[in-house]
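What follows is a single structure, written as C-alpha cells, with notes after it.
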Amino acid sequence: MIPANRKFLLTLLTPALLVLLVFVAAPVIQSIILSFHRIIIGLPQLKSPFIGAENYRELLHDPVARHSFLVTVFFVSTTTFFELLLGLLLALLINHRFPGRGALRACILVPWAIPTVVSAQMWRFLFNDAYGMINYLVFADKVSAYIPWLAAPGTALFAIILADIWKTTSFAALLILAGLQIIPEQLYQAARVDGAGMWRRFRHITWPLIRPALLIALLFRTIDAFRVFDLAFVMTQGGPADATNVLQLYGYKKMFVEGWMGYGSAISVAVFAMVLVLAVVYVRMARRRLLEATL
Amino acid sequence: MTWLKKTGFLLGILLSAAFSLVPFLLFVSSAFKTQAQVTAIPPELWPSFSIDFFRSAILRYGILHYLANSVIVAGSTTVATILLATLAGYALARLPRRWAHFSLMVILACAMFPQIAIIGPLWRFLRFVGWLNTYQGLVLPYVALTLPLAVWIIALFFREMPQELEAAALVDGCSRIGALVRVILPLSVPGLFTAAIFTFIYAWNEFFLALLILTDPAKQTMPVGIALFQGEHTVPWGEIAAASFITTAPLVVMVLLFQRRIVTGLSAGAIKG
C-alpha cells in the first residue's frame, strides 16, 4: 500500500548495522586472526609473528585448558538441567490463576534483575566459613563443624552452580510460561471430560505442546552458561586448585593477566566455536518461529 | 484430595517466593547491621537498622561516584540503543519479508557471541583510538550488545501497527520521517519502553567489559566497584551490602512497576541479549 521506499528504509537500518559491524562482527573476525599469531601485550617489541596453528596445538596439550573445559561442561550441564526442571515447575505454578500471582511473579523476577556481581557477593557472603548463613543453616550453633565452602574444590563448584541456578531459574520459568500460556484451555476441559487425570493431562497435552518452548529455553541457557564469568571471578577467582576455572575466566587470565593475547584468542575462538554450533541451531529454530509469528 | 492439592500448591508458592527473596534479604539486611552484628558467629538474623555502613560506603569508599558513572553509562546506552533500534526496527517492519528476515538473522546472530570472543580485539581497538577509560569506550560496545534484543522487540511492535495510519499521514502531506515521528512513534511508546527497560538493566549490570575497559577507579561503574571492593585488612561486608543495596534498589523498583512488561518482553522475543 505504501510505496516501498527501499533506499530510505535501508538508510534507517545502516547505523545499527554499522555499530554491530565495528563492535561485534569485526572483533570476532579479528579474534580468529589473532589466534594464529604470537602476541604478548607487555612486549610489543617482539611484534606479532604469524605462527599458524601453534596456539591451537598448545591448547590441545594444555592440562589447565582441558580441566577448564571439563569444569565448564559440568557447570553448563548441571545448571541448565536444574534451571529447566525448576523453571518448569515454577511455570506450571504461575500458570494457575490465584490471588497474589502478580506479586509472586515480581518476586521471582528479582534474582533475574539484580546484577550478577551482586548475587556473587551475596553467595560469597552466605557461604562464608565463619559468619555465613549456610553454615548456620546446616550446623546451627556447632561452630567447630563449620565448612569453608569456597575453599574446597568440590563445594566451591557446587556454590557457583547454586548461585547460577538461583539467578536464572526465573528466566527459564518465564520462557516456559510463555509456551504454557498458548495452550488452549479447551484441550484440558476435553481431557477432563474424557476422564484423564492430572498426570495424563500433563503427559499428553502439556508436555508435547511446551517442548518447543523448553527447547528454546534449553538453548538459551546453554549458550548463556558457556559465558559464565562474573560468578567465578567474584566468588572464587577460579580457585581453589582451578576447580572453578571456567573457560571465559581462563581466557581472561591468559589475555589480560598474563598478557598472552594470541593464546587467549585461541581459547576465546574455541569457546566461540562451541557456542556457534548451538547458536546456529537456535537461529534456525527462531526463523521458523518468526515465519509463524507476525514478522 | 482437593485439600491436599491446595496445601501442595500453597507450599509451592511459598517455597518459590522464599527461594527467590530470602537469600537476597539475608544479604542486604547486613547493610543495616553494625560491624559486630555482621561478623557475629553464629550469625545474627535481625538488623538493628543502623546506617553506619551506608555512611562509610559513601564517605570512605566513595560509592556515589561509581553510582554516577553507572547512571551516565546506562543512561546513554539506553538513549543511543533505543534511537538506533527504532530506526532499524521500523525499517525491518516495513522492508519486504525476505530482506527483513535476512537482516534480522544477522542482527540476532550478533547477540549470540560470547563476550570473550570480542574483548581482545575490542580492547586493542579502544586502546588504539584512546578510548580505554572513557564513557564512550564502554557505551558503544554496550549499544552493539543491546541492539539485537531492542531491535527485535521494537520491530515486532511496529509490525503490529496498522499501516493505514501511516498511509493516511502520507496522504495528508506528511513526509516519511514526519509520519514516523508524528504518527508511529507516539503509538509505539509501550514497545520502546519495554526495549528500554531491557537495555537499561543490561548496561546497569554488565561487568566483564566494564572490568577490562574501565581500569581507572574514577570512571568505573557500580558492578566493577562492588566486585573489586577491598577493605584494608578484612572484607568490608557491611559496605559491600550497602553498595549492593543502592545498586539493586532501582532495579527492584523497576521490576515491581513493570513486571508485566518485562514478562511480555522476555516471552515475546524469547531471547536474552
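Chains: A, B, ... in order of the C-alpha cells. Residues: from 1 per chain. Ligands: from 1, in order shown.
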(request) Using only C-alpha atoms, determine which residues lie at most 9 Å from Glu166 of chain B, disregarding the query and same-chain residues fewer than 6 positions distant; provide the list as a ChimeraX atom specification. (result) /A:2 /B:176,179-180,183-184
Go ahead and save the residues from that selection, with N, CA and C atoms, as an mmCIF file, in the first residue's frame.
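To be explicit, this is the file written out as part.cif:
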```
data_model
loop_
_atom_site.group_PDB
_atom_site.id
_atom_site.type_symbol
_atom_site.label_atom_id
_atom_site.label_comp_id
_atom_site.auth_asym_id
_atom_site.auth_seq_id
_atom_site.Cartn_x
_atom_site.Cartn_y
_atom_site.Cartn_z
ATOM 1 N N ILE A 2 1.814 1.281 0.963
ATOM 2 C CA ILE A 2 2.759 2.385 0.969
ATOM 3 C C ILE A 2 3.848 2.055 -0.052
ATOM 4 N N ARG B 176 7.906 10.883 5.068
ATOM 5 C CA ARG B 176 8.010 9.580 5.735
ATOM 6 C C ARG B 176 8.561 9.731 7.136
ATOM 7 N N ALA B 179 5.870 11.133 9.260
ATOM 8 C CA ALA B 179 4.888 10.120 9.641
ATOM 9 C C ALA B 179 5.439 9.245 10.761
ATOM 10 N N LEU B 180 6.726 8.909 10.658
ATOM 11 C CA LEU B 180 7.346 8.082 11.694
ATOM 12 C C LEU B 180 7.333 8.814 13.029
ATOM 13 N N VAL B 183 3.261 10.119 13.894
ATOM 14 C CA VAL B 183 2.160 9.157 13.975
ATOM 15 C C VAL B 183 2.591 7.839 14.607
ATOM 16 N N ILE B 184 3.680 7.255 14.095
ATOM 17 C CA ILE B 184 4.071 5.918 14.556
ATOM 18 C C ILE B 184 4.672 5.966 15.963
#
```
Can you tell me which residues surround Ala218 of chain B at a distance of at most 12 Å, considering only C-alpha atoms, apart from same-chain residues fewer than 5 positions away, and format the answer as a PDB file with C-alpha atoms, in the first residue's frame?
```pdb
ATOM      1  CA  TYR B  61      34.669   4.283  49.766  1.00  0.00           C
ATOM      2  CA  GLY B  62      33.048   6.976  47.617  1.00  0.00           C
ATOM      3  CA  ILE B  63      30.436   4.702  46.050  1.00  0.00           C
ATOM      4  CA  LEU B  64      28.265   7.604  44.911  1.00  0.00           C
ATOM      5  CA  HIS B  65      30.962   8.229  42.371  1.00  0.00           C
ATOM      6  CA  TYR B  66      30.541   4.725  40.944  1.00  0.00           C
ATOM      7  CA  LEU B  67      26.810   5.246  41.018  1.00  0.00           C
ATOM      8  CA  ALA B  68      27.130   8.427  38.959  1.00  0.00           C
ATOM      9  CA  ASN B  69      29.258   6.566  36.399  1.00  0.00           C
ATOM     10  CA  SER B  70      26.643   3.820  36.217  1.00  0.00           C
ATOM     11  CA  ASN B 133      38.786   4.570  30.476  1.00  0.00           C
ATOM     12  CA  THR B 134      36.274   6.754  28.651  1.00  0.00           C
ATOM     13  CA  TYR B 135      32.489   6.554  28.802  1.00  0.00           C
ATOM     14  CA  VAL B 224      33.114  -3.139  38.982  1.00  0.00           C
ATOM     15  CA  GLY B 225      33.205  -1.236  42.255  1.00  0.00           C
TER      16      GLY B 225
END
```
(message) Please determine, counting only C-alpha atoms, which residue among B:Leu257, B:Ile262, B:Ile246, B:Ile41 has the shortest atom-to-atom distance to chain A.
(response) B:Ile41
(request) Name all residues at most 6 Å from segment 204-219 of chain A (count only C-alpha atoms; drop same-chain ones fewer than 2 positions away) and give them as a ChimeraX atom specification. (result) /A:172,176,179,200-202,221-222
Can I get the selection written as a PDB file, in the first residue's frame, with N, CA and C atoms?
```pdb
ATOM      1  N   ALA A 172      14.332 -19.042  32.862  1.00  0.00           N
ATOM      2  CA  ALA A 172      13.847 -20.269  32.227  1.00  0.00           C
ATOM      3  C   ALA A 172      12.349 -20.419  32.457  1.00  0.00           C
ATOM      4  N   ILE A 176       9.327 -20.755  29.606  1.00  0.00           N
ATOM      5  CA  ILE A 176       8.441 -21.917  29.569  1.00  0.00           C
ATOM      6  C   ILE A 176       6.989 -21.480  29.775  1.00  0.00           C
ATOM      7  N   GLY A 179       5.283 -20.572  26.722  1.00  0.00           N
ATOM      8  CA  GLY A 179       4.819 -21.741  25.984  1.00  0.00           C
ATOM      9  C   GLY A 179       3.535 -22.306  26.568  1.00  0.00           C
ATOM     10  N   ARG A 200      -1.899 -37.643  33.332  1.00  0.00           N
ATOM     11  CA  ARG A 200      -2.127 -37.920  31.910  1.00  0.00           C
ATOM     12  C   ARG A 200      -2.372 -36.642  31.122  1.00  0.00           C
ATOM     13  N   ARG A 201      -3.022 -35.663  31.770  1.00  0.00           N
ATOM     14  CA  ARG A 201      -3.202 -34.380  31.085  1.00  0.00           C
ATOM     15  C   ARG A 201      -1.846 -33.727  30.826  1.00  0.00           C
ATOM     16  N   PHE A 202      -0.939 -33.827  31.836  1.00  0.00           N
ATOM     17  CA  PHE A 202       0.389 -33.251  31.661  1.00  0.00           C
ATOM     18  C   PHE A 202       1.151 -33.984  30.548  1.00  0.00           C
ATOM     19  N   ARG A 221      19.788 -21.143  27.731  1.00  0.00           N
ATOM     20  CA  ARG A 221      20.519 -21.355  28.967  1.00  0.00           C
ATOM     21  C   ARG A 221      21.899 -21.943  28.670  1.00  0.00           C
ATOM     22  N   THR A 222      21.975 -22.865  27.716  1.00  0.00           N
ATOM     23  CA  THR A 222      23.268 -23.480  27.409  1.00  0.00           C
ATOM     24  C   THR A 222      24.235 -22.423  26.881  1.00  0.00           C
TER      25      THR A 222
END
```
Can you tell me, as a PDB file with C-alpha atoms, in the first residue's frame, which residues in segment 64-226 of chain B count as helix (DSSP H, G or I) by DSSP?
```
ATOM      1  CA  LEU B  64      28.265   7.604  44.911  1.00  0.00           C
ATOM      2  CA  HIS B  65      30.962   8.229  42.371  1.00  0.00           C
ATOM      3  CA  TYR B  66      30.541   4.725  40.944  1.00  0.00           C
ATOM      4  CA  LEU B  67      26.810   5.246  41.018  1.00  0.00           C
ATOM      5  CA  ALA B  68      27.130   8.427  38.959  1.00  0.00           C
ATOM      6  CA  ASN B  69      29.258   6.566  36.399  1.00  0.00           C
ATOM      7  CA  SER B  70      26.643   3.820  36.217  1.00  0.00           C
ATOM      8  CA  VAL B  71      23.888   6.366  35.654  1.00  0.00           C
ATOM      9  CA  ILE B  72      25.867   8.026  32.859  1.00  0.00           C
ATOM     10  CA  VAL B  73      26.808   4.744  31.159  1.00  0.00           C
ATOM     11  CA  ALA B  74      23.425   3.010  31.465  1.00  0.00           C
ATOM     12  CA  GLY B  75      21.545   6.196  30.608  1.00  0.00           C
ATOM     13  CA  SER B  76      23.498   6.999  27.455  1.00  0.00           C
ATOM     14  CA  THR B  77      23.462   3.351  26.367  1.00  0.00           C
ATOM     15  CA  THR B  78      19.685   3.273  26.668  1.00  0.00           C
ATOM     16  CA  VAL B  79      19.176   6.514  24.727  1.00  0.00           C
ATOM     17  CA  ALA B  80      21.560   5.518  21.933  1.00  0.00           C
ATOM     18  CA  THR B  81      20.282   1.946  21.654  1.00  0.00           C
ATOM     19  CA  ILE B  82      16.632   2.965  21.526  1.00  0.00           C
ATOM     20  CA  LEU B  83      17.348   5.611  18.908  1.00  0.00           C
ATOM     21  CA  LEU B  84      19.205   3.189  16.616  1.00  0.00           C
ATOM     22  CA  ALA B  85      16.813   0.324  17.336  1.00  0.00           C
ATOM     23  CA  THR B  86      13.794   2.481  16.494  1.00  0.00           C
ATOM     24  CA  LEU B  87      15.190   3.362  13.082  1.00  0.00           C
ATOM     25  CA  ALA B  88      16.280  -0.223  12.413  1.00  0.00           C
ATOM     26  CA  GLY B  89      13.102  -1.741  13.819  1.00  0.00           C
ATOM     27  CA  TYR B  90      10.946   0.493  11.645  1.00  0.00           C
ATOM     28  CA  ALA B  91      12.988  -0.431   8.581  1.00  0.00           C
ATOM     29  CA  LEU B  92      12.704  -4.153   9.362  1.00  0.00           C
ATOM     30  CA  ALA B  93       8.968  -3.912   9.889  1.00  0.00           C
ATOM     31  CA  ARG B  94       8.441  -2.180   6.541  1.00  0.00           C
ATOM     32  CA  ARG B  97       9.933 -10.061   4.136  1.00  0.00           C
ATOM     33  CA  ARG B  98      12.987 -11.581   2.504  1.00  0.00           C
ATOM     34  CA  TRP B  99      15.199  -8.593   3.339  1.00  0.00           C
ATOM     35  CA  ALA B 100      13.794  -8.207   6.823  1.00  0.00           C
ATOM     36  CA  HIS B 101      14.414 -11.852   7.679  1.00  0.00           C
ATOM     37  CA  PHE B 102      17.958 -11.808   6.456  1.00  0.00           C
ATOM     38  CA  SER B 103      18.830  -8.590   8.330  1.00  0.00           C
ATOM     39  CA  LEU B 104      17.160  -9.782  11.498  1.00  0.00           C
ATOM     40  CA  MET B 105      19.072 -13.072  11.408  1.00  0.00           C
ATOM     41  CA  VAL B 106      22.351 -11.181  11.037  1.00  0.00           C
ATOM     42  CA  ILE B 107      21.450  -8.876  13.917  1.00  0.00           C
ATOM     43  CA  LEU B 108      20.286 -11.695  16.186  1.00  0.00           C
ATOM     44  CA  ALA B 109      23.404 -13.744  15.457  1.00  0.00           C
ATOM     45  CA  CYS B 110      25.409 -10.884  16.977  1.00  0.00           C
ATOM     46  CA  ILE B 116      35.331 -13.309  25.399  1.00  0.00           C
ATOM     47  CA  ALA B 117      35.340 -13.679  21.600  1.00  0.00           C
ATOM     48  CA  ILE B 118      35.240  -9.920  21.066  1.00  0.00           C
ATOM     49  CA  ILE B 119      37.099  -8.480  24.041  1.00  0.00           C
ATOM     50  CA  GLY B 120      40.700  -8.944  22.837  1.00  0.00           C
ATOM     51  CA  PRO B 121      40.379  -7.062  19.545  1.00  0.00           C
ATOM     52  CA  LEU B 122      37.877  -4.630  21.061  1.00  0.00           C
ATOM     53  CA  TRP B 123      40.348  -3.743  23.801  1.00  0.00           C
ATOM     54  CA  ARG B 124      43.142  -3.258  21.255  1.00  0.00           C
ATOM     55  CA  PHE B 125      40.855  -1.081  19.122  1.00  0.00           C
ATOM     56  CA  LEU B 126      39.810   1.075  22.079  1.00  0.00           C
ATOM     57  CA  ARG B 127      43.432   1.457  23.139  1.00  0.00           C
ATOM     58  CA  PHE B 128      44.344   2.440  19.576  1.00  0.00           C
ATOM     59  CA  TYR B 135      32.489   6.554  28.802  1.00  0.00           C
ATOM     60  CA  GLN B 136      32.083   6.228  25.038  1.00  0.00           C
ATOM     61  CA  GLY B 137      34.575   3.351  25.074  1.00  0.00           C
ATOM     62  CA  LEU B 138      32.125   1.355  27.151  1.00  0.00           C
ATOM     63  CA  VAL B 139      28.835   2.793  25.893  1.00  0.00           C
ATOM     64  CA  LEU B 140      29.418   1.965  22.221  1.00  0.00           C
ATOM     65  CA  PRO B 141      30.105  -1.757  22.822  1.00  0.00           C
ATOM     66  CA  TYR B 142      27.055  -1.827  25.120  1.00  0.00           C
ATOM     67  CA  VAL B 143      24.949  -0.312  22.353  1.00  0.00           C
ATOM     68  CA  ALA B 144      26.157  -3.033  19.988  1.00  0.00           C
ATOM     69  CA  LEU B 145      25.380  -5.786  22.504  1.00  0.00           C
ATOM     70  CA  THR B 146      21.929  -4.497  23.445  1.00  0.00           C
ATOM     71  CA  LEU B 147      20.799  -3.630  19.915  1.00  0.00           C
ATOM     72  CA  PRO B 148      19.723  -7.132  18.832  1.00  0.00           C
ATOM     73  CA  LEU B 149      17.122  -7.572  21.568  1.00  0.00           C
ATOM     74  CA  ALA B 150      15.908  -3.961  21.294  1.00  0.00           C
ATOM     75  CA  VAL B 151      15.558  -4.200  17.511  1.00  0.00           C
ATOM     76  CA  TRP B 152      13.644  -7.440  17.861  1.00  0.00           C
ATOM     77  CA  ILE B 153      11.164  -6.086  20.408  1.00  0.00           C
ATOM     78  CA  ILE B 154      10.625  -2.827  18.513  1.00  0.00           C
ATOM     79  CA  ALA B 155      10.310  -4.462  15.088  1.00  0.00           C
ATOM     80  CA  LEU B 156       7.642  -6.838  16.395  1.00  0.00           C
ATOM     81  CA  PHE B 157       5.794  -3.863  17.831  1.00  0.00           C
ATOM     82  CA  PHE B 158       5.910  -1.832  14.611  1.00  0.00           C
ATOM     83  CA  ARG B 159       4.759  -4.833  12.611  1.00  0.00           C
ATOM     84  CA  GLN B 163      -0.111   0.562   8.005  1.00  0.00           C
ATOM     85  CA  GLU B 164      -3.251   2.544   7.185  1.00  0.00           C
ATOM     86  CA  LEU B 165      -2.369   5.097   9.863  1.00  0.00           C
ATOM     87  CA  GLU B 166       0.905   5.799   8.164  1.00  0.00           C
ATOM     88  CA  ALA B 167      -0.713   5.860   4.748  1.00  0.00           C
ATOM     89  CA  ALA B 168      -3.232   8.418   5.966  1.00  0.00           C
ATOM     90  CA  ALA B 169      -0.445  10.613   7.285  1.00  0.00           C
ATOM     91  CA  LEU B 170       1.355  10.379   3.939  1.00  0.00           C
ATOM     92  CA  VAL B 171      -1.821  11.327   2.089  1.00  0.00           C
ATOM     93  CA  ARG B 176       8.010   9.580   5.735  1.00  0.00           C
ATOM     94  CA  ILE B 177      10.149  10.821   8.602  1.00  0.00           C
ATOM     95  CA  GLY B 178       7.287  13.069   9.653  1.00  0.00           C
ATOM     96  CA  ALA B 179       4.888  10.120   9.641  1.00  0.00           C
ATOM     97  CA  LEU B 180       7.346   8.082  11.694  1.00  0.00           C
ATOM     98  CA  VAL B 181       7.894  10.829  14.263  1.00  0.00           C
ATOM     99  CA  ARG B 182       4.345  12.209  14.498  1.00  0.00           C
ATOM    100  CA  VAL B 183       2.160   9.157  13.975  1.00  0.00           C
ATOM    101  CA  ILE B 184       4.071   5.918  14.556  1.00  0.00           C
ATOM    102  CA  LEU B 185       6.335   6.871  17.456  1.00  0.00           C
ATOM    103  CA  PRO B 186       3.676   8.228  19.827  1.00  0.00           C
ATOM    104  CA  LEU B 187       1.767   4.970  19.390  1.00  0.00           C
ATOM    105  CA  SER B 188       4.895   2.846  19.930  1.00  0.00           C
ATOM    106  CA  VAL B 189       5.846   4.225  23.312  1.00  0.00           C
ATOM    107  CA  PRO B 190       4.973   0.940  25.116  1.00  0.00           C
ATOM    108  CA  GLY B 191       7.208  -1.097  22.785  1.00  0.00           C
ATOM    109  CA  LEU B 192      10.066   1.375  23.007  1.00  0.00           C
ATOM    110  CA  PHE B 193       9.708   1.422  26.759  1.00  0.00           C
ATOM    111  CA  THR B 194       9.937  -2.361  27.046  1.00  0.00           C
ATOM    112  CA  ALA B 195      13.097  -2.339  24.943  1.00  0.00           C
ATOM    113  CA  ALA B 196      14.467   0.494  27.079  1.00  0.00           C
ATOM    114  CA  ILE B 197      13.951  -1.472  30.297  1.00  0.00           C
ATOM    115  CA  PHE B 198      15.949  -4.436  29.000  1.00  0.00           C
ATOM    116  CA  THR B 199      18.690  -2.200  27.632  1.00  0.00           C
ATOM    117  CA  PHE B 200      18.995  -0.259  30.871  1.00  0.00           C
ATOM    118  CA  ILE B 201      19.149  -3.406  33.021  1.00  0.00           C
ATOM    119  CA  TYR B 202      21.864  -4.892  30.800  1.00  0.00           C
ATOM    120  CA  ALA B 203      24.023  -1.758  30.877  1.00  0.00           C
ATOM    121  CA  TRP B 204      23.453  -1.249  34.601  1.00  0.00           C
ATOM    122  CA  ASN B 205      24.501  -4.823  35.439  1.00  0.00           C
ATOM    123  CA  PHE B 208      33.028  -8.226  32.128  1.00  0.00           C
ATOM    124  CA  LEU B 209      33.558  -5.436  29.590  1.00  0.00           C
ATOM    125  CA  ALA B 210      33.382  -2.752  32.276  1.00  0.00           C
ATOM    126  CA  LEU B 211      36.145  -4.512  34.238  1.00  0.00           C
ATOM    127  CA  LEU B 212      38.505  -4.512  31.271  1.00  0.00           C
ATOM    128  CA  ILE B 213      37.647  -1.219  29.599  1.00  0.00           C
ATOM    129  CA  MET B 222      28.905   0.084  40.224  1.00  0.00           C
ATOM    130  CA  PRO B 223      29.348  -3.621  39.318  1.00  0.00           C
ATOM    131  CA  VAL B 224      33.114  -3.139  38.982  1.00  0.00           C
ATOM    132  CA  GLY B 225      33.205  -1.236  42.255  1.00  0.00           C
ATOM    133  CA  ILE B 226      31.259  -3.964  44.042  1.00  0.00           C
TER     134      ILE B 226
END
```
Within 8 Å of Ile165 of chain A, counting only C-alpha atoms, which residues qualify if same-chain residues fewer than 4 places away don't, as a compact mmCIF listing (two decimals) with C-alpha atoms, in the first residue's frame?
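This is the output file around-v6.txt:
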```
# COMPACT_ATOMS: atom_id res chain seq x y z
CA THR A 79 22.92 -25.61 35.84
CA PHE A 82 18.23 -27.81 37.22
CA GLU A 83 17.17 -24.45 35.80
CA ILE A 161 26.32 -23.81 40.43
CA THR A 169 15.80 -20.23 37.05
```
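Around segment 27-37 of chain A, within 7 Å and counting only C-alpha atoms, the residues found are Phe23, Ser48, Pro49, Phe50, Ile51, Gly52, Ala53, Asn55, Gly262, Tyr263, Ser265, Ala266 and Val269 of chain A; Ala117, Ile118, Gly120, Pro121 and Leu122 of chain B, once anything fewer than 4 positions away on its own chain is removed.
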Take the residues that were just selected and, keeping N, CA and C atoms, output them as an mmCIF file, in the first residue's frame.
```cif
data_model
loop_
_atom_site.group_PDB
_atom_site.id
_atom_site.type_symbol
_atom_site.label_atom_id
_atom_site.label_comp_id
_atom_site.auth_asym_id
_atom_site.auth_seq_id
_atom_site.Cartn_x
_atom_site.Cartn_y
_atom_site.Cartn_z
ATOM 1 N N PHE A 23 31.715 -3.111 16.424
ATOM 2 C CA PHE A 23 31.944 -3.524 17.809
ATOM 3 C C PHE A 23 31.653 -4.990 18.093
ATOM 4 N N SER A 48 54.273 -9.264 16.216
ATOM 5 C CA SER A 48 53.285 -10.319 16.401
ATOM 6 C C SER A 48 53.387 -11.317 15.239
ATOM 7 N N PRO A 49 54.375 -12.212 15.333
ATOM 8 C CA PRO A 49 54.625 -13.137 14.224
ATOM 9 C C PRO A 49 53.471 -14.113 14.009
ATOM 10 N N PHE A 50 53.251 -14.458 12.733
ATOM 11 C CA PHE A 50 52.267 -15.484 12.378
ATOM 12 C C PHE A 50 52.851 -16.844 12.743
ATOM 13 N N ILE A 51 52.115 -17.636 13.511
ATOM 14 C CA ILE A 51 52.666 -18.925 13.928
ATOM 15 C C ILE A 51 51.738 -20.076 13.561
ATOM 16 N N GLY A 52 50.875 -19.860 12.599
ATOM 17 C CA GLY A 52 49.988 -20.940 12.159
ATOM 18 C C GLY A 52 49.106 -21.435 13.284
ATOM 19 N N ALA A 53 48.932 -22.735 13.364
ATOM 20 C CA ALA A 53 48.021 -23.303 14.351
ATOM 21 C C ALA A 53 48.718 -23.616 15.674
ATOM 22 N N ASN A 55 49.112 -22.000 18.475
ATOM 23 C CA ASN A 55 48.308 -21.745 19.673
ATOM 24 C C ASN A 55 47.303 -22.867 19.919
ATOM 25 N N GLY A 262 47.560 -13.726 21.851
ATOM 26 C CA GLY A 262 47.351 -14.725 20.794
ATOM 27 C C GLY A 262 46.767 -16.012 21.347
ATOM 28 N N TYR A 263 47.388 -16.530 22.415
ATOM 29 C CA TYR A 263 46.920 -17.776 23.005
ATOM 30 C C TYR A 263 45.518 -17.599 23.591
ATOM 31 N N SER A 265 43.316 -15.585 22.562
ATOM 32 C CA SER A 265 42.375 -15.535 21.446
ATOM 33 C C SER A 265 42.011 -16.940 20.983
ATOM 34 N N ALA A 266 42.991 -17.849 21.008
ATOM 35 C CA ALA A 266 42.696 -19.231 20.614
ATOM 36 C C ALA A 266 41.650 -19.825 21.570
ATOM 37 N N VAL A 269 38.303 -18.280 20.718
ATOM 38 C CA VAL A 269 37.743 -18.828 19.476
ATOM 39 C C VAL A 269 37.157 -20.221 19.737
ATOM 40 N N ALA B 117 34.930 -13.611 23.003
ATOM 41 C CA ALA B 117 35.340 -13.679 21.600
ATOM 42 C C ALA B 117 35.522 -12.295 20.983
ATOM 43 N N ILE B 118 35.042 -11.243 21.651
ATOM 44 C CA ILE B 118 35.240 -9.920 21.066
ATOM 45 C C ILE B 118 36.184 -9.049 21.882
ATOM 46 N N GLY B 120 39.302 -9.186 23.193
ATOM 47 C CA GLY B 120 40.700 -8.944 22.837
ATOM 48 C C GLY B 120 40.849 -7.853 21.781
ATOM 49 N N PRO B 121 40.298 -8.081 20.593
ATOM 50 C CA PRO B 121 40.379 -7.062 19.545
ATOM 51 C C PRO B 121 39.687 -5.759 19.930
ATOM 52 N N LEU B 122 38.582 -5.842 20.646
ATOM 53 C CA LEU B 122 37.877 -4.630 21.061
ATOM 54 C C LEU B 122 38.781 -3.779 21.953
#
```
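With distances taken over only C-alpha atoms, B:Glu239 is the one residue among B:Glu232, B:Asp52, B:Asp216, B:Glu239 lying closest to chain A.
The two atoms in question, atom CA of Tyr252 of chain A and atom CA of Gly238 of chain A, are spaced 11.0 Å apart.
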